[in-house]
$ cat model-v8.cif   # mmCIF, C-alpha atoms and all ligand atoms
data_my_file
loop_
_atom_site.label_atom_id
_atom_site.label_comp_id
_atom_site.auth_asym_id
_atom_site.auth_seq_id
_atom_site.Cartn_x
_atom_site.Cartn_y
_atom_site.Cartn_z
CA MET W 17 0.00 0.00 0.00
CA ASN W 18 1.48 3.34 -1.09
CA ILE W 19 0.89 6.18 1.33
CA LEU W 20 1.08 9.96 1.08
CA ILE W 21 1.36 11.90 4.35
CA LEU W 22 0.62 15.63 4.28
CA GLY W 23 2.50 17.99 6.58
CA SER W 24 5.97 18.79 7.83
CA GLY W 25 6.01 18.62 11.62
CA GLY W 26 6.94 16.22 14.39
CA ARG W 27 3.45 14.72 14.14
CA GLU W 28 4.03 13.81 10.50
CA HIS W 29 7.43 12.33 11.33
CA ALA W 30 5.72 10.21 14.00
CA PHE W 31 3.13 9.03 11.43
CA ALA W 32 5.81 8.22 8.85
CA TRP W 33 7.97 6.44 11.44
CA LYS W 34 5.03 4.33 12.63
CA LEU W 35 3.51 3.52 9.23
CA ALA W 36 6.92 2.52 7.86
CA GLN W 37 6.99 -0.26 10.49
CA SER W 38 3.91 -1.90 9.00
CA PRO W 39 4.51 -4.96 6.80
CA LYS W 40 1.65 -3.67 4.67
CA ALA W 41 3.38 -0.38 3.85
CA GLY W 42 4.63 0.14 0.32
CA GLN W 43 6.31 3.39 -0.58
CA ILE W 44 5.67 6.26 1.82
CA TYR W 45 5.78 9.84 0.51
CA ILE W 46 5.57 12.96 2.64
CA ALA W 47 4.55 16.35 1.28
CA PRO W 48 6.51 18.44 2.04
CA GLY W 49 8.08 16.57 4.99
CA ASN W 50 11.27 17.36 6.92
CA ALA W 51 14.65 15.85 7.78
CA GLY W 52 12.95 13.15 9.85
CA THR W 53 10.27 12.05 7.41
CA ALA W 54 13.07 11.57 4.86
CA LEU W 55 14.32 8.71 7.05
CA ALA W 56 11.00 6.85 6.72
CA GLY W 57 10.00 7.71 3.19
CA ILE W 58 10.49 10.14 0.32
CA ASN W 59 9.84 13.85 0.76
CA VAL W 60 8.08 15.43 -2.21
CA PRO W 61 7.61 19.12 -2.97
CA VAL W 62 3.84 18.91 -3.45
CA ASP W 63 1.87 21.72 -1.80
CA PRO W 64 -0.87 20.25 0.47
CA ALA W 65 -3.00 23.30 -0.43
CA ASP W 66 -2.83 22.53 -4.16
CA PHE W 67 -5.39 19.75 -4.64
CA GLU W 68 -4.89 19.47 -8.40
CA ALA W 69 -1.14 19.02 -7.97
CA MET W 70 -1.90 16.39 -5.35
CA LYS W 71 -4.22 14.58 -7.75
CA THR W 72 -1.51 14.39 -10.41
CA PHE W 73 0.96 13.04 -7.85
CA VAL W 74 -1.46 10.50 -6.38
CA ILE W 75 -2.27 9.09 -9.82
CA GLU W 76 1.36 9.02 -10.94
CA LYS W 77 2.61 7.24 -7.81
CA GLU W 78 -0.44 5.00 -7.39
CA ILE W 79 -1.13 6.22 -3.88
CA ASP W 80 -3.72 4.16 -1.97
CA MET W 81 -3.98 6.22 1.20
CA VAL W 82 -3.56 9.89 2.11
CA VAL W 83 -2.95 10.69 5.78
CA VAL W 84 -3.66 14.35 6.47
CA GLY W 85 -1.59 15.83 9.32
CA PRO W 86 -2.72 19.45 9.71
CA GLU W 87 -6.24 20.88 9.82
CA VAL W 88 -6.12 23.41 6.98
CA PRO W 89 -6.42 20.97 4.04
CA LEU W 90 -9.27 19.19 5.86
CA VAL W 91 -11.24 22.36 6.56
CA ASN W 92 -10.59 23.36 2.93
CA GLY W 93 -12.14 20.14 1.69
CA ILE W 94 -9.37 17.77 0.65
CA SER W 95 -11.40 14.77 1.74
CA ASP W 96 -14.41 15.95 -0.32
CA PHE W 97 -12.12 16.61 -3.29
CA PHE W 98 -10.98 12.99 -3.25
CA SER W 99 -14.38 11.41 -2.64
CA LYS W 100 -16.04 13.42 -5.44
CA ASP W 101 -13.33 12.79 -8.02
CA LYS W 102 -13.99 9.97 -10.50
CA ILE W 103 -10.39 8.75 -10.40
CA LEU W 104 -9.56 9.46 -6.77
CA HIS W 105 -12.68 8.32 -5.00
CA ASP W 106 -11.24 4.92 -4.07
CA VAL W 107 -8.19 6.47 -2.43
CA THR W 108 -8.55 6.38 1.35
CA VAL W 109 -8.24 9.75 3.06
CA ILE W 110 -7.56 9.66 6.78
CA GLY W 111 -9.30 12.85 7.80
CA PRO W 112 -12.89 14.12 7.80
CA ASN W 113 -14.80 15.97 5.07
CA SER W 114 -15.07 19.75 5.27
CA LYS W 115 -18.49 19.73 6.94
CA ALA W 116 -17.25 17.44 9.70
CA ALA W 117 -14.01 19.42 9.97
CA GLN W 118 -16.13 22.42 10.98
CA LEU W 119 -15.82 21.01 14.50
CA GLU W 120 -12.39 22.64 14.34
CA GLY W 121 -12.93 25.13 11.50
CA SER W 122 -15.62 27.10 13.29
CA LYS W 123 -15.66 27.62 17.05
CA ASP W 124 -19.25 28.86 16.74
CA PHE W 125 -20.28 25.65 14.97
CA ALA W 126 -18.47 23.56 17.60
CA LYS W 127 -20.10 25.41 20.51
CA GLY W 128 -23.54 25.11 18.91
CA PHE W 129 -22.95 21.39 18.36
CA LEU W 130 -21.84 20.89 21.98
CA LYS W 131 -24.90 22.71 23.29
CA ARG W 132 -27.30 20.92 20.95
CA HIS W 133 -26.09 17.58 22.23
CA GLY W 134 -25.78 18.46 25.91
CA ILE W 135 -22.01 17.91 25.98
CA PRO W 136 -20.32 19.73 28.87
CA THR W 137 -18.59 22.95 27.77
CA ALA W 138 -18.32 26.55 28.96
CA ASP W 139 -21.36 28.83 28.46
CA TYR W 140 -20.87 31.19 25.54
CA GLY W 141 -22.22 33.76 23.13
CA THR W 142 -21.26 34.43 19.50
CA PHE W 143 -21.07 37.96 18.11
CA THR W 144 -20.41 39.72 14.80
CA ALA W 145 -19.73 43.36 13.84
CA GLU W 146 -23.51 43.86 13.71
CA THR W 147 -23.98 42.60 17.27
CA LEU W 148 -20.88 44.22 18.78
CA GLN W 149 -22.90 46.12 21.38
CA GLN W 150 -24.57 42.95 22.60
CA GLY W 151 -21.09 41.42 22.78
CA GLU W 152 -19.91 44.26 25.00
CA LYS W 153 -22.98 43.83 27.23
CA PHE W 154 -22.28 40.10 27.39
CA LEU W 155 -18.75 40.85 28.62
CA GLU W 156 -20.07 43.31 31.23
CA ASN W 157 -22.24 40.57 32.68
CA MET W 158 -19.34 38.13 32.99
CA GLN W 159 -16.65 37.66 35.59
CA PRO W 160 -13.00 37.95 34.56
CA PRO W 161 -10.93 36.42 33.08
CA TYR W 162 -12.63 36.96 29.73
CA VAL W 163 -12.14 34.34 27.00
CA LEU W 164 -12.42 35.62 23.39
CA LYS W 165 -12.08 33.22 20.47
CA ALA W 166 -11.86 33.99 16.77
CA ASP W 167 -14.41 31.73 15.07
CA GLY W 168 -12.18 30.48 12.26
CA LEU W 169 -8.73 28.94 11.96
CA ALA W 170 -6.04 31.28 13.24
CA ALA W 171 -2.96 29.03 13.48
CA GLY W 172 -3.44 28.57 17.22
CA LYS W 173 -3.33 32.31 17.90
CA GLY W 174 -7.04 33.14 17.88
CA VAL W 175 -7.78 32.75 21.60
CA LEU W 176 -7.33 35.69 23.97
CA ILE W 177 -7.69 35.44 27.75
CA LEU W 178 -7.88 38.84 29.40
CA ASN W 179 -8.36 40.04 32.96
CA ASP W 180 -9.44 43.61 32.27
CA LEU W 181 -12.94 44.41 30.99
CA GLY W 182 -11.78 47.49 29.06
CA GLU W 183 -9.08 45.49 27.35
CA ALA W 184 -11.51 42.66 26.55
CA LYS W 185 -13.92 45.14 24.91
CA ALA W 186 -11.08 46.74 22.93
CA GLU W 187 -9.93 43.32 21.70
CA LEU W 188 -13.49 42.36 20.78
CA ARG W 189 -13.75 45.54 18.68
CA SER W 190 -10.36 44.90 17.10
CA MET W 191 -11.34 41.33 16.21
CA LEU W 192 -14.74 42.24 14.78
CA LEU W 193 -14.11 45.67 13.26
CA ASP W 194 -10.39 45.63 12.34
CA ALA W 195 -10.18 41.94 11.38
CA LYS W 196 -7.43 41.32 13.94
CA PHE W 197 -7.32 37.67 12.84
CA GLY W 198 -8.48 38.34 9.27
CA LYS W 199 -11.62 36.53 8.17
CA ALA W 200 -11.25 34.16 11.15
CA SER W 201 -12.46 36.87 13.55
CA GLY W 202 -15.51 37.90 11.51
CA LYS W 203 -17.34 36.10 14.29
CA VAL W 204 -16.13 35.93 17.89
CA VAL W 205 -17.10 33.43 20.56
CA ILE W 206 -17.02 34.79 24.09
CA GLU W 207 -17.06 32.10 26.72
CA LYS W 208 -16.92 31.53 30.43
CA TYR W 209 -13.48 30.87 31.82
CA LEU W 210 -13.04 27.36 33.18
CA ASP W 211 -10.51 26.80 35.91
CA GLY W 212 -8.75 23.46 35.84
CA ILE W 213 -6.11 21.30 34.23
CA GLU W 214 -6.10 20.44 30.53
CA LEU W 215 -5.56 17.21 28.67
CA SER W 216 -5.88 15.95 25.11
CA VAL W 217 -7.97 12.89 24.30
CA PHE W 218 -7.99 11.27 20.86
CA ILE W 219 -10.14 8.81 19.00
CA LEU W 220 -10.09 7.34 15.55
CA THR W 221 -13.57 6.84 14.15
CA ASP W 222 -15.02 5.32 10.98
CA GLY W 223 -18.32 7.11 11.60
CA LYS W 224 -19.83 4.20 13.52
CA ASN W 225 -17.15 2.70 15.74
CA TYR W 226 -14.29 4.33 17.54
CA VAL W 227 -10.94 3.43 19.02
CA LEU W 228 -9.78 5.37 22.05
CA LEU W 229 -6.09 6.22 21.71
CA PRO W 230 -3.78 6.98 24.64
CA GLU W 231 -4.41 10.44 26.10
CA ALA W 232 -1.67 13.04 26.54
CA LYS W 233 -0.94 16.39 28.10
CA ASP W 234 0.83 19.06 26.12
CA TYR W 235 2.70 22.12 27.35
CA LYS W 236 1.79 25.13 25.25
CA ARG W 237 3.54 28.05 26.91
CA ILE W 238 7.14 28.96 26.18
CA GLY W 239 8.20 29.59 29.78
CA THR W 240 8.75 27.63 32.97
CA GLY W 241 5.61 27.06 35.03
CA ASP W 242 3.32 27.64 32.01
CA THR W 243 4.22 31.31 31.62
CA GLY W 244 4.84 33.52 28.61
CA LEU W 245 3.60 33.25 25.06
CA ASN W 246 1.68 30.35 23.59
CA THR W 247 3.65 28.11 21.23
CA GLY W 248 2.81 25.21 18.96
CA GLY W 249 3.69 23.00 21.95
CA MET W 250 6.85 22.55 24.02
CA GLY W 251 6.44 18.88 24.80
CA SER W 252 3.98 16.24 25.93
CA ILE W 253 3.48 13.41 28.37
CA SER W 254 1.38 10.25 27.98
CA PRO W 255 -0.41 8.77 29.89
CA VAL W 256 -1.84 11.58 32.01
CA PRO W 257 -1.82 10.52 35.67
CA PHE W 258 -5.10 12.21 36.61
CA ALA W 259 -6.94 10.61 33.67
CA ASN W 260 -7.76 7.52 35.72
CA SER W 261 -10.41 5.00 34.65
CA GLU W 262 -13.18 6.80 36.53
CA PHE W 263 -12.38 10.09 34.81
CA MET W 264 -12.00 8.46 31.39
CA GLU W 265 -15.34 6.72 31.83
CA LYS W 266 -16.91 10.18 32.24
CA VAL W 267 -15.05 11.37 29.13
CA GLU W 268 -16.37 8.46 27.09
CA SER W 269 -19.96 8.55 28.34
CA ARG W 270 -20.47 12.33 28.48
CA ILE W 271 -18.24 13.54 25.67
CA ILE W 272 -17.02 10.95 23.16
CA ARG W 273 -20.19 8.90 22.66
CA PRO W 274 -22.51 11.95 22.63
CA THR W 275 -20.22 13.56 20.04
CA LEU W 276 -20.47 10.54 17.73
CA TYR W 277 -24.20 10.29 18.34
CA GLY W 278 -24.59 14.02 17.61
CA LEU W 279 -22.67 13.71 14.35
CA LYS W 280 -24.91 10.85 13.27
CA GLN W 281 -28.06 12.78 14.22
CA GLU W 282 -26.89 15.74 12.17
CA ASN W 283 -26.05 13.49 9.24
CA ILE W 284 -22.40 14.36 9.35
CA HIS W 285 -20.19 11.48 8.30
CA TYR W 286 -16.92 11.62 10.23
CA GLN W 287 -13.92 9.51 9.30
CA GLY W 288 -10.58 10.21 10.95
CA PHE W 289 -9.12 11.51 14.17
CA ILE W 290 -11.14 13.52 16.65
CA PHE W 291 -9.01 15.40 19.14
CA PHE W 292 -10.93 16.47 22.23
CA GLY W 293 -9.21 19.39 23.96
CA LEU W 294 -10.53 18.92 27.49
CA ILE W 295 -10.25 20.60 30.85
CA LYS W 296 -10.81 18.86 34.17
CA SER W 297 -12.57 21.35 36.38
CA GLY W 298 -13.24 19.91 39.82
CA ASP W 299 -13.64 16.25 38.90
CA GLU W 300 -15.60 16.89 35.72
CA PRO W 301 -14.42 16.95 32.10
CA TYR W 302 -15.44 19.85 29.83
CA VAL W 303 -14.72 20.38 26.13
CA ILE W 304 -12.51 23.40 25.43
CA GLU W 305 -12.25 22.64 21.73
CA TYR W 306 -12.46 19.98 19.06
CA ASN W 307 -9.74 19.41 16.49
CA CYS W 308 -10.20 17.33 13.37
CA ARG W 309 -6.70 15.84 13.40
CA MET W 310 -4.06 14.39 15.68
CA GLY W 311 -2.30 16.79 18.09
CA ASP W 312 1.26 17.99 17.85
CA PRO W 313 3.31 17.50 20.10
CA GLU W 314 0.90 14.90 21.53
CA ALA W 315 1.51 12.61 18.55
CA GLU W 316 5.13 12.36 19.61
CA THR W 317 4.12 10.50 22.79
CA VAL W 318 0.80 8.92 21.72
CA ILE W 319 1.98 7.30 18.47
CA PRO W 320 5.06 5.55 19.94
CA ARG W 321 2.84 4.11 22.69
CA ILE W 322 0.65 2.38 20.09
CA LYS W 323 1.96 -1.16 19.64
CA SER W 324 -0.65 -2.24 17.08
CA ASP W 325 -0.14 -1.79 13.36
CA LEU W 326 -1.43 1.74 12.67
CA LEU W 327 -1.77 1.05 8.96
CA GLU W 328 -4.06 -1.89 9.68
CA ILE W 329 -6.15 0.37 11.94
CA PHE W 330 -6.36 2.98 9.15
CA GLU W 331 -7.47 0.23 6.74
CA ASN W 332 -10.21 -0.85 9.14
CA LEU W 333 -11.24 2.77 9.48
CA ALA W 334 -11.62 3.07 5.70
CA LYS W 335 -13.66 -0.14 5.54
CA GLY W 336 -15.90 0.90 8.44
CA THR W 337 -14.69 -2.06 10.50
CA LEU W 338 -12.91 -0.31 13.34
CA ASP W 339 -14.83 -2.56 15.74
CA LYS W 340 -12.33 -5.23 14.64
CA THR W 341 -9.43 -3.21 16.02
CA LYS W 342 -8.05 -4.15 19.35
CA LEU W 343 -5.58 -1.51 20.31
CA GLU W 344 -2.42 -2.66 22.01
CA VAL W 345 -0.76 0.07 24.02
CA ASP W 346 2.64 0.30 25.68
CA GLU W 347 1.82 0.77 29.35
CA ARG W 348 4.98 2.73 30.05
CA TYR W 349 5.14 6.52 30.23
CA ALA W 350 6.36 8.47 27.24
CA ALA W 351 7.70 12.00 27.61
CA SER W 352 8.65 14.26 24.73
CA VAL W 353 10.74 17.42 25.04
CA MET W 354 10.63 19.92 22.19
CA LEU W 355 13.88 21.67 21.35
CA VAL W 356 13.20 25.09 19.86
CA SER W 357 15.12 27.96 18.30
CA GLU W 358 16.07 30.95 20.44
CA GLY W 359 13.43 33.68 20.10
CA TYR W 360 10.57 31.29 19.23
CA PRO W 361 7.55 31.86 19.19
CA GLY W 362 8.73 35.33 18.11
CA ASN W 363 11.47 35.86 15.53
CA TYR W 364 14.23 33.30 15.35
CA GLN W 365 17.12 32.36 13.09
CA LYS W 366 17.25 29.29 10.88
CA GLY W 367 20.05 27.31 9.29
CA LYS W 368 21.88 26.36 12.49
CA ILE W 369 23.79 23.09 12.28
CA ILE W 370 22.40 20.40 14.59
CA ARG W 371 25.17 18.38 16.27
CA GLY W 372 25.42 15.68 18.87
CA LEU W 373 22.88 13.36 17.29
CA ASN W 374 25.27 10.41 17.51
CA ASN W 375 25.38 10.74 21.29
CA LEU W 376 21.69 9.93 21.73
CA ASN W 377 20.40 6.71 23.18
CA ASN W 378 17.25 5.47 24.81
CA CYS W 379 15.12 7.95 22.86
CA ILE W 380 13.29 8.53 19.58
CA VAL W 381 13.88 11.77 17.72
CA TYR W 382 10.95 13.24 15.81
CA TYR W 383 12.08 16.13 13.66
CA ALA W 384 9.94 19.20 13.07
CA GLY W 385 11.67 22.37 11.83
CA ALA W 386 14.82 20.58 10.65
CA SER W 387 15.96 19.96 7.10
CA ASN W 388 18.72 18.08 5.36
CA ASP W 389 21.61 20.01 3.90
CA VAL W 390 22.47 17.28 1.43
CA GLU W 391 25.50 19.05 -0.04
CA ASN W 392 27.25 19.33 3.32
CA ASN W 393 25.76 16.17 4.80
CA GLU W 394 24.30 18.07 7.74
CA ILE W 395 20.93 18.57 9.42
CA LYS W 396 20.05 22.21 9.98
CA THR W 397 17.31 24.05 11.83
CA SER W 398 14.55 25.32 9.56
CA GLY W 399 11.80 26.30 11.98
CA GLY W 400 10.92 27.42 15.51
CA ARG W 401 10.16 23.98 16.86
CA VAL W 402 13.17 21.98 15.73
CA MET W 403 12.80 18.46 17.13
CA ALA W 404 10.98 16.43 19.73
CA ILE W 405 12.93 13.97 21.85
CA THR W 406 10.74 11.17 23.17
CA SER W 407 11.75 8.65 25.82
CA PHE W 408 9.98 5.92 27.72
CA GLY W 409 10.11 5.13 31.41
CA ASP W 410 8.29 2.97 33.94
CA SER W 411 7.32 6.19 35.72
CA MET W 412 6.69 9.69 34.45
CA SER W 413 9.82 10.98 36.15
CA GLU W 414 11.96 8.25 34.60
CA ALA W 415 10.58 9.00 31.12
CA LEU W 416 11.32 12.69 31.65
CA LYS W 417 14.80 11.97 33.01
CA ASN W 418 15.64 9.93 29.92
CA ALA W 419 14.26 12.56 27.53
CA TYR W 420 16.13 15.38 29.28
CA ALA W 421 19.41 13.44 29.32
CA ASN W 422 19.18 13.28 25.52
CA ALA W 423 17.93 16.85 25.11
CA LYS W 424 21.21 17.95 26.73
CA GLN W 425 23.27 16.00 24.19
CA VAL W 426 21.84 17.75 21.14
CA ASP W 427 23.55 20.96 20.27
CA PHE W 428 22.60 23.83 18.00
CA GLU W 429 23.12 27.56 18.44
CA GLY W 430 20.27 29.07 20.47
CA LYS W 431 18.79 25.71 21.59
CA TYR W 432 16.03 26.18 24.18
CA TYR W 433 13.64 23.78 25.88
CA ARG W 434 11.38 23.79 28.89
CA ASN W 435 12.97 21.91 31.73
CA ASP W 436 9.87 21.59 33.91
CA LEU W 437 7.53 19.37 31.91
CA GLY W 438 5.23 17.43 34.21
CA PHE W 439 5.54 20.06 36.96
CA ASP W 440 1.75 20.13 37.33
CA LEU W 441 1.24 16.35 37.41
CA LYS W 442 1.41 14.14 40.46
CA GLN W 443 2.04 10.51 39.82
P1 LIG W 501 -8.22 26.69 22.06
O1 LIG W 501 -7.52 27.20 20.83
O2 LIG W 501 -9.70 26.76 22.02
O3 LIG W 501 -7.66 25.35 22.52
O4 LIG W 501 -7.75 27.64 23.24
C1 LIG W 501 -6.39 27.84 23.52
C2 LIG W 501 -6.15 27.72 24.98
O5 LIG W 501 -6.89 28.72 25.69
C3 LIG W 501 -6.63 26.42 25.59
O6 LIG W 501 -5.70 25.41 25.44
C4 LIG W 501 -6.82 26.81 27.02
O7 LIG W 501 -5.57 26.84 27.70
C5 LIG W 501 -7.32 28.22 26.93
N1 LIG W 501 -8.79 28.26 26.99
C6 LIG W 501 -9.64 28.21 25.95
N2 LIG W 501 -10.91 28.29 26.37
C7 LIG W 501 -10.88 28.38 27.71
C8 LIG W 501 -11.89 28.47 28.73
N3 LIG W 501 -13.18 28.52 28.44
N4 LIG W 501 -11.47 28.52 29.99
C9 LIG W 501 -10.15 28.48 30.30
N5 LIG W 501 -9.17 28.41 29.40
C10 LIG W 501 -9.52 28.35 28.12
N1 LIG W 502 -1.19 20.40 20.81
C1 LIG W 502 -2.31 21.13 20.40
C2 LIG W 502 -2.63 21.03 19.00
O1 LIG W 502 -2.13 20.20 18.26
O2 LIG W 502 -3.47 21.83 18.56
#
$ encode --input "model-v8.cif" --output "structure tokens"
Amino acid sequence: MNILILGSGGREHAFAWKLAQSPKAGQIYIAPGNAGTALAGINVPVDPADFEAMKTFVIEKEIDMVVVGPEVPLVNGISDFFSKDKILHDVTVIGPNSKAAQLEGSKDFAKGFLKRHGIPTADYGTFTAETLQQGEKFLENMQPPYVLKADGLAAGKGVLILNDLGEAKAELRSMLLDAKFGKASGKVVIEKYLDGIELSVFILTDGKNYVLLPEAKDYKRIGTGDTGLNTGGMGSISPVPFANSEFMEKVESRIIRPTLYGLKQENIHYQGFIFFGLIKSGDEPYVIEYNCRMGDPEAETVIPRIKSDLLEIFENLAKGTLDKTKLEVDERYAASVMLVSEGYPGNYQKGKIIRGLNNLNNCIVYYAGASNDVENNEIKTSGGRVMAITSFGDSMSEALKNAYANAKQVDFEGKYYRNDLGFDLKQ
């Protein structure tokens, strides 16, 4: 089976690494890929946004399955493009159609869906330029902190959490009237702040059945103790100690099953990953957001914990026989530390030589913003998040100790990583 993976991050390296281990895998291509995906397959310069170019490539290379890493191609309808095309419609796409991807593509749609199906989430209101005044009133009647969310995709930057009412109103105006996040903030969701601890829960669904994957916790902020700017993710840990069986039973019965039931009721066929961004407030789980894809950097701890053949699971998903899948999971802890470029998530330099890779042991490296300099036989930094270093351990602290020991060995100018992952988790 020939496979095309779309994307260029650590998540896509984890997919390529895992799928390449399947005896069923033929040639694996990654568009556009990175230094790591090149170890598991062939990187190709096809733009995931250019569906026609993709079609030509898929036909030429006899691709049987397309695994979509990021959300943008899904929200833009790549799955629909394949299913409606006379030649491509038999190609499996792992990822939902554009209607189903609205769970991530529109916060207003997601909140409406959650409310319609009685799934626990923060109370909210949605406002546009025309209803700005009502939006301001809505804020006045709330307690701080104020949570403002751009409706559409905003590359993870569209959520503002503010303590001051005046500032919240100013930001609301800027989002609605000055297009602070472009078209994405044409609508703004204002919601109640939930106090608690977050985790990421993932399923794969064929529209009828689902497989619960290992959960994970990611660390989004750049600074120690969850301070400073939001990033694409500074590392992850799986399993999550507080996600015990009692809590996960609540997640399945109050969130996962009602979500699948709601999709069916609304005639939305969903095939692919659903990522539930949850918060545990008190002892109860609430949905903060849905994503229509796997998480990054969660994939870098979740995927290596899956012992089963992921390609076989994807095949079952395509056939609608996911009930046949029995997931085998590595019971150990996995911890992943993201090494980033100095200055990230602001401005940073690229092209720094990465050294020390031969000194690593007891870890898996998943590359993100790193590319091959073929001429000089070197790997160089090419992005803010450079590489994730994942290690296992019988305890969370052992997994972290192993990952950090390797993080120290890698060397590139301006290397930075958070050294306090897991600080908020008790084992
Ligand atoms: P989102 O893009 O919806 O995941 O939001 C980004 C981050 O903002 C989340 O990971 C949370 O840390 C935070 N957040 C979003 N909504 C809320 C909320 N209602 N209460 C508390 N924190 C929130
Ligand atoms: N780790 C959060 C995300 O992938 O959106």
$ residues_near_ligand --input "model-v8.cif" --ligand "ligand LIG 502 (chain W)" --cutoff "8 Å" --atoms "all atoms listed in the file" --output "short mmCIF file (atom, residue, chain, number, x, y, z; two decimals) with C-alpha atoms, keeping the file's coordinate frame"
data_model
loop_
_atom_site.label_atom_id
_atom_site.label_comp_id
_atom_site.auth_asym_id
_atom_site.auth_seq_id
_atom_site.Cartn_x
_atom_site.Cartn_y
_atom_site.Cartn_z
CA GLY W 172 -3.44 28.57 17.22
CA SER W 216 -5.88 15.95 25.11
CA ASP W 234 0.83 19.06 26.12
CA TYR W 235 2.70 22.12 27.35
CA LYS W 236 1.79 25.13 25.25
CA GLY W 248 2.81 25.21 18.96
CA GLY W 249 3.69 23.00 21.95
CA GLY W 293 -9.21 19.39 23.96
CA ASN W 307 -9.74 19.41 16.49
CA ARG W 309 -6.70 15.84 13.40
CA MET W 310 -4.06 14.39 15.68
CA GLY W 311 -2.30 16.79 18.09
CA ASP W 312 1.26 17.99 17.85
CA PRO W 313 3.31 17.50 20.10
CA GLU W 314 0.90 14.90 21.53
#
$ closest_residue --input "model-v8.cif" --among "W:Ala117, W:Leu104, W:Leu35, W:Ile177" --to "Ile75 (chain W)" --atoms "only C-alpha atoms"
W:Leu104
$ residues_around --input "model-v8.cif" --residues "Lys366 (chain W)" --least-positions-apart "4" --cutoff "10 Å" --atoms "all atoms listed in the file" --output "tab-separated table (two decimals) with C-alpha atoms, in the frame of the given file"
chain	number	residue	atom	x	y	z
W	357	SER	CA	15.12	27.96	18.30
W	358	GLU	CA	16.07	30.95	20.44
W	385	GLY	CA	11.67	22.37	11.83
W	386	ALA	CA	14.82	20.58	10.65
W	396	LYS	CA	20.05	22.21	9.98
W	397	THR	CA	17.31	24.05	11.83
W	398	SER	CA	14.55	25.32	9.56
W	399	GLY	CA	11.80	26.30	11.98
W	400	GLY	CA	10.92	27.42	15.51
W	402	VAL	CA	13.17	21.98	15.73
W	429	GLU	CA	23.12	27.56	18.44
$ closest_residue --input "model-v8.cif" --among "W:Arg401, W:Lys34, W:Lys208, W:His285" --to "Ile238 (chain W)" --atoms "only C-alpha atoms"
W:Arg401
$ closest_residue --input "model-v8.cif" --among "W:Cys379, W:Ile329, W:Leu215, W:Val74" --to "ligand LIG 501 (chain W)" --atoms "only C-alpha atoms and all ligand atoms"
W:Leu215
$ residues_near_ligand --input "model-v8.cif" --ligand "ligand LIG 501 (chain W)" --cutoff "8 Å" --atoms "all atoms listed in the file" --output "list of chain:residue names"
W:Lys123, W:Thr137, W:Ala138, W:Val163, W:Lys165, W:Gly172, W:Lys173, W:Gly174, W:Val175, W:Leu176, W:Ile177, W:Glu207, W:Lys208, W:Tyr209, W:Leu210, W:Asp211, W:Gly212, W:Glu214, W:Lys236, W:Gly293, W:Ile295, W:Ile304, W:Glu305, W:Tyr306
$ atom_distance --input "model-v8.cif" --atom1 "CA of Ile58 (chain W)" --atom2 "CA of Val381 (chain W)"
17.8 Å
$ atom_distance --input "model-v8.cif" --atom1 "CA of Gln425 (chain W)" --atom2 "CA of Tyr364 (chain W)"
21.4 Å
$ closest_residue --input "model-v8.cif" --among "W:Tyr383, W:Lys100, W:Asp339, W:Phe197" --to "Glu28 (chain W)" --atoms "all atoms listed in the file"
W:Tyr383
$ residues_around --input "model-v8.cif" --residues "Ala415 (chain W)" --least-positions-apart "2" --cutoff "12 Å" --atoms "all atoms listed in the file" --output "ChimeraX atom specification"
/W:252-255,317,348-353,378-380,405-413,417-422,437-438
$ residues_near_point --input "model-v8.cif" --point "(-6.8, 7.7, 24.2)" --cutoff "8 Å" --atoms "all atoms listed in the file" --output "ChimeraX atom specification"
/W:217-219,227-232
$ write_last_selection --input "model-v8.cif" --atoms "C-alpha atoms" --output "CSV table (one decimal), in the frame of the given file"
chain,number,residue,atom,x,y,z
W,217,VAL,CA,-8.0,12.9,24.3
W,218,PHE,CA,-8.0,11.3,20.9
W,219,ILE,CA,-10.1,8.8,19.0
W,227,VAL,CA,-10.9,3.4,19.0
W,228,LEU,CA,-9.8,5.4,22.0
W,229,LEU,CA,-6.1,6.2,21.7
W,230,PRO,CA,-3.8,7.0,24.6
W,231,GLU,CA,-4.4,10.4,26.1
W,232,ALA,CA,-1.7,13.0,26.5
$ atom_distance --input "model-v8.cif" --atom1 "CA of Asp106 (chain W)" --atom2 "CA of Ala47 (chain W)"
20.2 Å
$ build_atoms --input "model-v8.cif" --residues "region 35-40 of chain W" --atoms "N, CA and C atoms" --output "tab-separated table (two decimals), in the frame of the given file"
chain	number	residue	atom	x	y	z
W	35	LEU	N	4.07	4.22	10.40
W	35	LEU	CA	3.51	3.52	9.23
W	35	LEU	C	4.59	2.71	8.51
W	36	ALA	N	5.82	3.22	8.54
W	36	ALA	CA	6.92	2.52	7.86
W	36	ALA	C	7.21	1.17	8.54
W	37	GLN	N	6.77	1.01	9.78
W	37	GLN	CA	6.99	-0.26	10.49
W	37	GLN	C	5.98	-1.34	10.10
W	38	SER	N	4.95	-0.94	9.36
W	38	SER	CA	3.91	-1.90	9.00
W	38	SER	C	4.37	-2.77	7.84
W	39	PRO	N	4.17	-4.09	7.95
W	39	PRO	CA	4.51	-4.96	6.80
W	39	PRO	C	3.64	-4.66	5.58
W	40	LYS	N	2.54	-3.97	5.80
W	40	LYS	CA	1.65	-3.67	4.67
W	40	LYS	C	2.06	-2.42	3.91
